[in-house]
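Raw run-v1.txt, compact mmCIF, C-alpha atoms:
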```
# COMPACT_ATOMS: atom_id res chain seq x y z
CA MET A 15 -4.19 28.99 2.78
CA SER A 16 -4.20 27.03 6.02
CA GLU A 17 -7.64 25.74 5.09
CA LEU A 18 -6.21 24.41 1.85
CA ILE A 19 -3.79 22.34 3.91
CA THR A 20 -6.11 21.08 6.64
CA GLN A 21 -8.95 19.99 4.36
CA PRO A 22 -8.54 16.67 2.50
CA TRP A 23 -6.19 16.98 -0.45
CA SER A 24 -7.48 16.61 -3.98
CA TRP A 25 -6.98 13.43 -5.99
CA TRP A 26 -4.99 15.22 -8.69
CA PHE A 27 -2.52 16.79 -6.25
CA SER A 28 -2.11 13.55 -4.29
CA GLY A 29 -1.67 11.47 -7.46
CA THR A 30 0.89 13.95 -8.78
CA MET A 31 2.86 13.78 -5.52
CA ILE A 32 2.95 9.95 -5.65
CA ALA A 33 4.41 10.13 -9.17
CA VAL A 34 6.94 12.74 -7.96
CA ILE A 35 8.01 10.42 -5.11
CA MET A 36 8.41 7.54 -7.56
CA PHE A 37 10.64 9.64 -9.83
CA PHE A 38 12.77 10.86 -6.93
CA LEU A 39 13.32 7.23 -5.86
CA LEU A 40 14.37 6.35 -9.43
CA TYR A 41 16.70 9.34 -9.48
CA PHE A 42 18.23 8.19 -6.21
CA GLY A 43 18.93 4.78 -7.72
CA GLN A 44 16.04 2.85 -6.14
CA SER A 45 12.50 1.86 -7.09
CA PHE A 46 9.13 2.43 -5.44
CA GLY A 47 7.95 -0.80 -3.79
CA PHE A 48 6.75 -0.77 -0.22
CA SER A 49 6.00 -4.44 0.52
CA SER A 50 9.69 -5.36 0.08
CA ASN A 51 10.04 -3.99 3.60
CA PHE A 52 8.17 -6.98 5.02
CA ARG A 53 10.73 -9.31 3.46
CA THR A 54 13.56 -7.12 4.69
CA ILE A 55 12.18 -7.17 8.25
CA CYS A 56 11.93 -10.97 8.08
CA ALA A 57 15.53 -11.22 6.92
CA ALA A 58 16.85 -8.65 9.38
CA SER A 59 15.13 -10.30 12.34
CA GLY A 60 16.95 -13.55 11.68
CA LEU A 61 14.04 -15.49 10.19
CA GLY A 62 16.21 -15.84 7.10
CA LYS A 63 18.40 -18.42 8.71
CA LYS A 64 15.67 -21.04 8.45
CA THR A 65 14.41 -20.29 4.95
CA LYS A 66 17.03 -19.59 2.33
CA ILE A 67 14.80 -17.16 0.43
CA PHE A 68 15.28 -14.60 3.18
CA ASP A 69 18.99 -15.09 3.00
CA ILE A 70 19.29 -11.87 1.05
CA ASN A 71 21.59 -8.97 1.56
CA TRP A 72 18.95 -7.03 3.46
CA LYS A 73 21.30 -4.17 4.28
CA ALA A 74 20.98 -3.04 0.65
CA GLN A 75 17.31 -2.40 1.51
CA THR A 76 18.06 -0.07 4.41
CA TRP A 77 16.95 2.93 2.34
CA ASN A 78 13.44 1.41 2.14
CA LEU A 79 13.27 0.89 5.92
CA VAL A 80 14.23 4.56 6.29
CA PHE A 81 11.44 5.42 3.83
CA LEU A 82 9.06 3.33 6.00
CA THR A 83 10.16 5.22 9.11
CA GLY A 84 9.48 8.47 7.28
CA ALA A 85 6.00 7.25 6.30
CA ILE A 86 5.16 6.66 9.98
CA ALA A 87 6.41 10.15 10.81
CA GLY A 88 4.40 11.55 7.89
CA GLY A 89 1.21 10.00 9.28
CA PHE A 90 1.97 11.55 12.67
CA ILE A 91 2.64 15.00 11.16
CA ALA A 92 -0.54 14.85 9.05
CA LYS A 93 -2.62 14.06 12.12
CA GLN A 94 -0.98 16.50 14.54
CA PHE A 95 -0.42 19.54 12.34
CA LEU A 96 -2.27 19.25 9.04
CA SER A 97 -5.78 18.03 9.76
CA THR A 98 -8.98 19.10 11.45
CA GLY A 99 -10.00 15.59 12.48
CA ALA A 100 -13.14 15.86 10.35
CA PRO A 101 -14.67 12.51 9.32
CA VAL A 102 -13.83 11.18 5.86
CA GLU A 103 -16.45 12.40 3.38
CA ILE A 104 -17.32 9.25 1.49
CA SER A 105 -20.33 9.08 -0.81
CA GLN A 106 -23.81 8.65 0.62
CA ALA A 107 -24.19 5.44 -1.41
CA THR A 108 -21.22 3.90 0.44
CA ILE A 109 -22.56 5.06 3.81
CA ASN A 110 -25.89 3.41 2.98
CA ASP A 111 -24.27 0.15 1.84
CA LEU A 112 -22.03 -0.01 4.91
CA SER A 113 -24.93 0.72 7.28
CA LYS A 114 -26.50 -2.54 6.08
CA LEU A 115 -23.35 -4.28 7.34
CA GLY A 116 -23.69 -2.55 10.70
CA PHE A 117 -21.22 0.31 10.17
CA ALA A 118 -22.12 3.78 11.46
CA ALA A 119 -21.40 6.81 9.26
CA PRO A 120 -17.71 7.85 9.52
CA VAL A 121 -16.62 9.80 12.61
CA SER A 122 -12.92 9.80 11.62
CA LEU A 123 -10.76 8.18 8.95
CA GLN A 124 -11.37 4.64 10.20
CA PRO A 125 -14.42 2.70 11.43
CA PRO A 126 -14.31 2.03 15.20
CA GLU A 127 -16.25 -1.18 14.41
CA ILE A 128 -12.93 -2.59 13.15
CA PHE A 129 -10.07 -0.53 14.58
CA SER A 130 -11.11 0.45 18.11
CA LEU A 131 -9.49 -1.28 21.07
CA HIS A 132 -12.92 -2.60 21.98
CA ALA A 133 -13.32 -4.20 18.54
CA ILE A 134 -9.98 -5.99 18.50
CA LEU A 135 -10.50 -7.47 21.96
CA SER A 136 -13.20 -9.72 20.52
CA ILE A 137 -12.09 -12.89 18.73
CA LYS A 138 -13.83 -11.87 15.52
CA GLY A 139 -12.38 -8.36 15.60
CA PHE A 140 -8.87 -9.69 16.14
CA LEU A 141 -9.21 -12.24 13.35
CA VAL A 142 -10.40 -9.58 10.89
CA LEU A 143 -7.17 -7.61 11.32
CA ALA A 144 -4.99 -10.72 11.58
CA PHE A 145 -6.31 -12.34 8.41
CA GLY A 146 -6.35 -9.00 6.61
CA GLY A 147 -2.68 -8.49 7.38
CA LEU A 148 -1.77 -12.11 6.68
CA MET A 149 -3.33 -11.99 3.19
CA VAL A 150 -1.76 -8.62 2.39
CA GLY A 151 1.69 -9.90 3.39
CA PHE A 152 1.32 -13.32 1.77
CA GLY A 153 -0.30 -12.00 -1.41
CA SER A 154 2.13 -9.16 -2.00
CA ARG A 155 5.12 -11.51 -1.77
CA TYR A 156 3.45 -14.21 -3.91
CA ALA A 157 2.56 -11.57 -6.53
CA GLY A 158 6.00 -9.97 -6.19
CA GLY A 159 4.72 -6.54 -5.23
CA CYS A 160 1.86 -4.46 -3.88
CA THR A 161 0.02 -1.33 -4.94
CA SER A 162 3.23 0.72 -5.19
CA GLY A 163 5.36 -1.93 -6.90
CA HIS A 164 2.76 -3.17 -9.38
CA ALA A 165 -0.10 -0.63 -9.71
CA ILE A 166 2.20 2.42 -9.77
CA SER A 167 5.76 1.37 -10.72
CA GLY A 168 5.04 -1.73 -12.81
CA LEU A 169 2.13 -0.28 -14.76
CA SER A 170 4.14 2.91 -15.39
CA GLU A 171 6.72 0.65 -17.06
CA LEU A 172 3.88 -1.00 -19.04
CA GLN A 173 4.74 -4.42 -17.60
CA LEU A 174 2.20 -7.14 -18.34
CA PRO A 175 2.88 -9.04 -15.06
CA SER A 176 1.88 -5.91 -13.14
CA LEU A 177 -1.37 -5.62 -15.10
CA ILE A 178 -2.19 -9.25 -14.22
CA ALA A 179 -1.37 -8.55 -10.57
CA VAL A 180 -3.60 -5.44 -10.50
CA ILE A 181 -6.44 -7.43 -12.07
CA GLY A 182 -5.90 -9.89 -9.20
CA PHE A 183 -5.97 -7.04 -6.63
CA PHE A 184 -9.40 -6.02 -7.89
CA LEU A 185 -10.67 -9.56 -8.28
CA GLY A 186 -9.81 -10.25 -4.63
CA GLY A 187 -11.11 -6.86 -3.49
CA LEU A 188 -14.46 -7.33 -5.21
CA ILE A 189 -14.87 -10.89 -3.89
CA MET A 190 -14.17 -9.67 -0.35
CA THR A 191 -16.41 -6.60 -0.66
CA PHE A 192 -19.45 -8.22 -2.22
CA PHE A 193 -19.31 -11.89 -1.20
CA ILE A 194 -17.37 -12.22 2.06
CA LEU A 195 -17.84 -8.96 4.05
CA PRO A 196 -21.64 -9.52 4.21
CA TYR A 197 -20.97 -12.79 6.06
CA ILE A 198 -18.44 -11.27 8.43
CA PHE A 199 -20.44 -8.14 9.30
CA ASN A 200 -24.21 -8.17 9.47
CA MET B 16 23.49 11.00 6.24
CA LYS B 17 23.03 9.47 2.79
CA PHE B 18 19.68 8.13 3.96
CA ILE B 19 18.15 11.48 4.86
CA LYS B 20 16.68 11.94 1.39
CA PHE B 21 14.74 8.69 1.80
CA LEU B 22 13.50 9.85 5.19
CA VAL B 23 12.22 13.07 3.62
CA LEU B 24 10.56 11.18 0.74
CA GLY B 25 8.96 8.81 3.25
CA ILE B 26 7.60 11.71 5.29
CA VAL B 27 6.11 13.31 2.16
CA PHE B 28 4.64 9.94 1.18
CA GLY B 29 3.07 9.49 4.63
CA ILE B 30 1.58 12.99 4.62
CA VAL B 31 0.17 12.60 1.10
CA MET B 32 -1.32 9.18 1.88
CA ALA B 33 -2.98 10.52 5.04
CA LYS B 34 -4.14 13.84 3.57
CA SER B 35 -5.57 12.18 0.45
CA GLU B 36 -7.49 9.84 2.79
CA ALA B 37 -6.06 6.87 0.86
CA ILE B 38 -5.26 5.30 4.26
CA SER B 39 -8.96 5.12 5.12
CA TRP B 40 -10.86 1.81 5.18
CA PHE B 41 -13.93 3.79 4.12
CA ARG B 42 -12.19 5.10 0.98
CA ILE B 43 -11.12 1.58 -0.03
CA GLN B 44 -14.69 0.34 0.41
CA GLU B 45 -15.95 3.26 -1.66
CA MET B 46 -13.41 2.34 -4.36
CA PHE B 47 -14.31 -1.35 -4.53
CA ARG B 48 -18.01 -0.38 -4.67
CA PHE B 49 -17.28 2.03 -7.55
CA GLN B 50 -19.13 4.80 -5.71
CA ALA B 51 -16.61 7.63 -6.05
CA PHE B 52 -13.89 8.77 -8.39
CA HIS B 53 -11.47 9.79 -5.62
CA MET B 54 -9.20 6.71 -5.38
CA TYR B 55 -9.29 6.15 -9.14
CA GLY B 56 -8.29 9.79 -9.58
CA ILE B 57 -5.27 9.37 -7.29
CA ILE B 58 -4.05 6.14 -8.91
CA GLY B 59 -4.97 7.37 -12.42
CA THR B 60 -3.05 10.64 -12.03
CA ALA B 61 0.03 8.90 -10.59
CA LEU B 62 -0.12 6.33 -13.38
CA THR B 63 -0.60 8.82 -16.23
CA LEU B 64 2.39 10.86 -15.05
CA GLY B 65 4.30 7.64 -14.33
CA VAL B 66 3.82 6.23 -17.84
CA MET B 67 4.87 9.53 -19.42
CA GLY B 68 7.86 9.96 -17.12
CA VAL B 69 9.18 6.41 -17.57
CA ALA B 70 8.82 6.79 -21.36
CA LEU B 71 10.84 10.02 -21.22
CA ILE B 72 13.51 8.41 -19.02
CA LYS B 73 13.88 5.58 -21.53
CA LYS B 74 13.81 7.84 -24.61
CA PHE B 75 16.35 10.35 -23.34
CA ARG B 76 18.36 7.79 -21.31
CA ILE B 77 18.11 9.97 -18.24
CA LYS B 78 20.74 9.24 -15.61
CA ASN B 79 20.39 8.93 -11.86
CA PHE B 80 22.27 11.01 -9.30
CA ARG B 81 25.31 8.78 -9.62
CA GLY B 82 25.49 9.38 -13.35
CA ASN B 83 24.37 5.87 -14.24
CA PRO B 84 21.43 5.35 -16.61
CA ILE B 85 18.10 4.62 -14.91
CA LEU B 86 17.25 1.02 -15.84
CA PHE B 87 13.99 -0.93 -15.68
CA TYR B 88 14.00 -4.69 -15.32
CA PRO B 89 11.29 -6.86 -16.86
CA LYS B 90 9.46 -8.99 -14.27
CA ASP B 91 9.38 -12.78 -14.71
CA ASN B 92 6.72 -13.97 -17.10
CA SER B 93 3.92 -15.83 -15.39
CA VAL B 94 0.18 -15.62 -14.99
CA ILE B 95 -0.63 -17.82 -12.01
CA ARG B 96 1.63 -16.17 -9.44
CA TYR B 97 0.47 -12.65 -10.30
CA LEU B 98 -3.20 -13.58 -10.53
CA ALA B 99 -3.28 -15.84 -7.45
CA GLY B 100 -0.97 -13.65 -5.37
CA GLY B 101 -2.80 -10.53 -6.50
CA THR B 102 -6.19 -12.01 -5.61
CA ILE B 103 -5.04 -13.01 -2.13
CA PHE B 104 -3.60 -9.50 -1.70
CA GLY B 105 -6.91 -7.97 -2.85
CA LEU B 106 -8.87 -10.04 -0.33
CA GLY B 107 -6.67 -8.68 2.45
CA TRP B 108 -6.77 -5.13 1.06
CA ALA B 109 -10.58 -4.97 1.05
CA LEU B 110 -10.85 -6.62 4.48
CA SER B 111 -8.31 -4.51 6.36
CA GLY B 112 -8.74 -1.43 4.15
CA VAL B 113 -4.99 -0.97 3.79
CA CYS B 114 -2.19 -1.93 1.44
CA PRO B 115 1.37 -2.06 2.85
CA GLY B 116 2.26 1.67 2.77
CA PRO B 117 -0.92 2.87 4.48
CA ILE B 118 -0.52 0.23 7.23
CA VAL B 119 2.42 2.10 8.71
CA VAL B 120 1.02 5.57 7.92
CA ASN B 121 -2.04 4.62 9.98
CA ILE B 122 0.20 3.66 12.92
CA GLY B 123 1.82 7.10 12.77
CA TYR B 124 -1.62 8.68 12.48
CA GLY B 125 -2.56 7.11 15.82
CA PHE B 126 -4.55 4.05 14.77
CA PHE B 127 -2.37 1.75 16.87
CA THR B 128 -4.50 -1.36 16.35
CA MET B 129 -3.12 -1.29 12.79
CA GLY B 130 -0.01 -2.74 14.46
CA ILE B 131 -1.80 -6.12 14.38
CA VAL B 132 -2.18 -5.82 10.59
CA PHE B 133 1.50 -4.91 10.37
CA LEU B 134 2.69 -7.90 12.42
CA PHE B 135 0.49 -10.33 10.53
CA ALA B 136 1.62 -8.91 7.18
CA ILE B 137 5.16 -9.83 8.22
CA ALA B 138 3.86 -13.24 9.32
CA GLY B 139 2.18 -13.61 5.91
CA THR B 140 5.45 -12.82 4.17
CA TYR B 141 7.18 -15.46 6.29
CA LEU B 142 4.40 -17.97 5.57
CA TYR B 143 4.80 -17.39 1.83
CA ASN B 144 8.47 -18.18 2.04
CA LEU B 145 7.77 -21.39 3.98
CA LEU B 146 5.30 -22.52 1.31
CA LYS B 147 7.06 -21.07 -1.70
CA GLU B 148 8.36 -24.37 -3.08
CA LYS B 149 4.88 -25.90 -3.00
CA LEU B 150 3.08 -23.02 -4.73
CA PRO B 151 2.64 -22.71 -8.52
CA HIS B 152 4.63 -19.81 -9.95
```

Rewrite the coordinates I just gave you, this time as structure tokens.
Amino acid sequence: MSELITQPWSWWFSGTMIAVIMFFLLYFGQSFGFSSNFRTICAASGLGKKTKIFDINWKAQTWNLVFLTGAIAGGFIAKQFLSTGAPVEISQATINDLSKLGFAAPVSLQPPEIFSLHAILSIKGFLVLAFGGLMVGFGSRYAGGCTSGHAISGLSELQLPSLIAVIGFFLGGLIMTFFILPYIFN
Amino acid sequence: MKFIKFLVLGIVFGIVMAKSEAISWFRIQEMFRFQAFHMYGIIGTALTLGVMGVALIKKFRIKNFRGNPILFYPKDNSVIRYLAGGTIFGLGWALSGVCPGPIVVNIGYGFFTMGIVFLFAIAGTYLYNLLKEKLPH
């Protein structure tokens, strides 16, 4: 039993749990959309005073900030109590492709080539994370949602705008993966 | 105390994201290279159940915990904002290996350098709002 918990969880169980979380949020009068938190943090930190778009009633979004806090705690619990620390078992084909870009086979969930302290102390390493975050934040607000708001909630409601957004997610992801990453890492 | 249910849901979300390895840069690379079913299985399962559940909520007019009907609001019609915004989001997703939820789950997991991604995601949100009037929507 404990092995069932500490090994990586199956796609079908994880996908089911995400749907369950979405339905609980609907039942509790809210909707599943994580990137709204970035806007809420902007508004709550007073940035809203300069741009009227942030001049929203951010306190109505407190539930989502609480959800965010829980997500941080969930990551901590998963690491401390529910995992063995074994490296992520991605396919050999991906390991081979990434080795051509200078990435060693996984030793944990994340590549030290990007996320170690050593990596981010170089200008290139810092810019990778900075631009990555900047585009995620900018793009999710421009598109009006992220993976949770569009790919899960919006598509579940069969909304055409969400389908267009998800097509964009993949368009951007494929361009980065096949045309830009080879120039950044080699 | 009315927020405790959202704390619990957030904790479950964080655990599921971490334990499914959906917070891993490697898994996102594997997904965009179409070299494993794993991520598609997670999203596909959530979506299949989501479509069925939303249809049932609409058909049977299921109410929320306050006794009000659960409503869904159509998003504004547009192509350019969803396609352009989505593409920019996708570029960032494949580069950093995280979408917004997993950013904070990673911080809890102990990958503290993800804090840079978090701060710049907030900066990106702010930047969008500065430029909003000049962008096509």

>> Residues near B:Phe41, anyone? I mean within 10 Å using all atoms listed in the file, not counting same-chain ones fewer than 6 positions away, as a count of residues only.
In response: 15

> Taking into account all atoms listed in the file, which residue in the set B:Leu98, B:His152, B:Ile77, B:Gly130 is nearest to chain A?
Replying inline: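 Using all atoms listed in the file, the shortest distance to chain A belongs to B:Leu98.
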
> Between atom CA of A:Ser167 and atom CA of B:Cys114, what is the spacing in Å?
Replying inline: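 These two atoms are separated by 14.9 Å.
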
> Hey, what's within 9 Å of A:Ile181 if we count only C-alpha atoms and toss same-chain stuff fewer than 3 positions away? As a PyMOL selection string, please?
Replying inline: (chain A and resi 176-178+184-186) or (chain B and resi 97-98+101-102)

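Closest approach to A:Val180 among A:Ser50, A:Ser16, A:Asn200, A:Ser154: A:Ser154, based on only C-alpha atoms.
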
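Closest approach to chain A among B:Val66, B:Leu134, B:Ala37, B:Met46 is made by B:Val66 (distances from all atoms listed in the file).
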
Quick one: everything within 8 Å of A:Phe183, counting all atoms listed in the file, minus sequence neighbours fewer than 6 positions away in the same chain. Send it as a PDB file with C-alpha atoms, in the coordinates of the input.
```pdb
ATOM      1  CA  GLY B 101      -2.800 -10.530  -6.500  1.00  0.00           C
ATOM      2  CA  THR B 102      -6.190 -12.010  -5.610  1.00  0.00           C
ATOM      3  CA  ILE B 103      -5.040 -13.010  -2.130  1.00  0.00           C
ATOM      4  CA  PHE B 104      -3.600  -9.500  -1.700  1.00  0.00           C
ATOM      5  CA  GLY B 105      -6.910  -7.970  -2.850  1.00  0.00           C
ATOM      6  CA  LEU B 106      -8.870 -10.040  -0.330  1.00  0.00           C
ATOM      7  CA  TRP B 108      -6.770  -5.130   1.060  1.00  0.00           C
TER       8      TRP B 108
END
```

> At what distance in Å, to one decimal, does atom CA of A:Phe52 lie from atom CA of A:Ala144?
Replying inline: 15.2 Å

> So which one's closest to chain B, A:Leu18, A:Ala85, A:Ala133, A:Ile55? Using all atoms listed in the file, please.
Replying inline: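 Among A:Leu18, A:Ala85, A:Ala133, A:Ile55, it is A:Ala85 that comes nearest to chain B.
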
> Taking (11.0, 3.3, -2.7) in the file's coordinates as the center, which residues reach within 8 Å of it, counting only C-alpha atoms, put as a ChimeraX atom specification?
Replying inline: /A:36,39,44-48,77-78,81 /B:21

>> Could you check the closest approach to B:Met16 for each of A:Val80, A:Ile86, A:Ile198, A:Val142 and tell me which residue wins, using only C-alpha atoms?
In response: A:Val80

>> Report as a PyMOL selection string all protein, DNA and RNA residues lying within 9 Å of B:Pro115, evaluated on only C-alpha atoms, omitting residues in the same chain fewer than 6 positions from it.
In response: (chain A and resi 48-49+51-52+147+150-151+154+160-162) or (chain B and resi 108+133+136)

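Of note, atom CA of A:Leu115 and atom CA of A:Ala179 are spaced 28.7 Å apart.
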
>> For stretch 127-129 of chain A, find every residue with an atom within 9 Å (counting all atoms listed in the file), except residues of its own chain fewer than 3 positions away, and show them as a PyMOL selection string.
In response: (chain A and resi 116-118+124+132-134+139-140+142-143) or (chain B and resi 111+126-129)

Around stretch 93-103 of chain B, with edges along x, y and z and 5 Å added on all six sides, what centre and edge lengths do you get, in Å to one decimal, as lines of an AutoDock Vina configuration file?
```
center_x = -1.1
center_y = -14.2
center_z = -8.8
size_x = 20.1
size_y = 17.3
size_z = 23.3
```

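Each of A:Gly168, A:Gly99, A:Pro126, A:Gly146 was compared to chain B using all atoms listed in the file, and A:Gly146 turns out to be the nearest.
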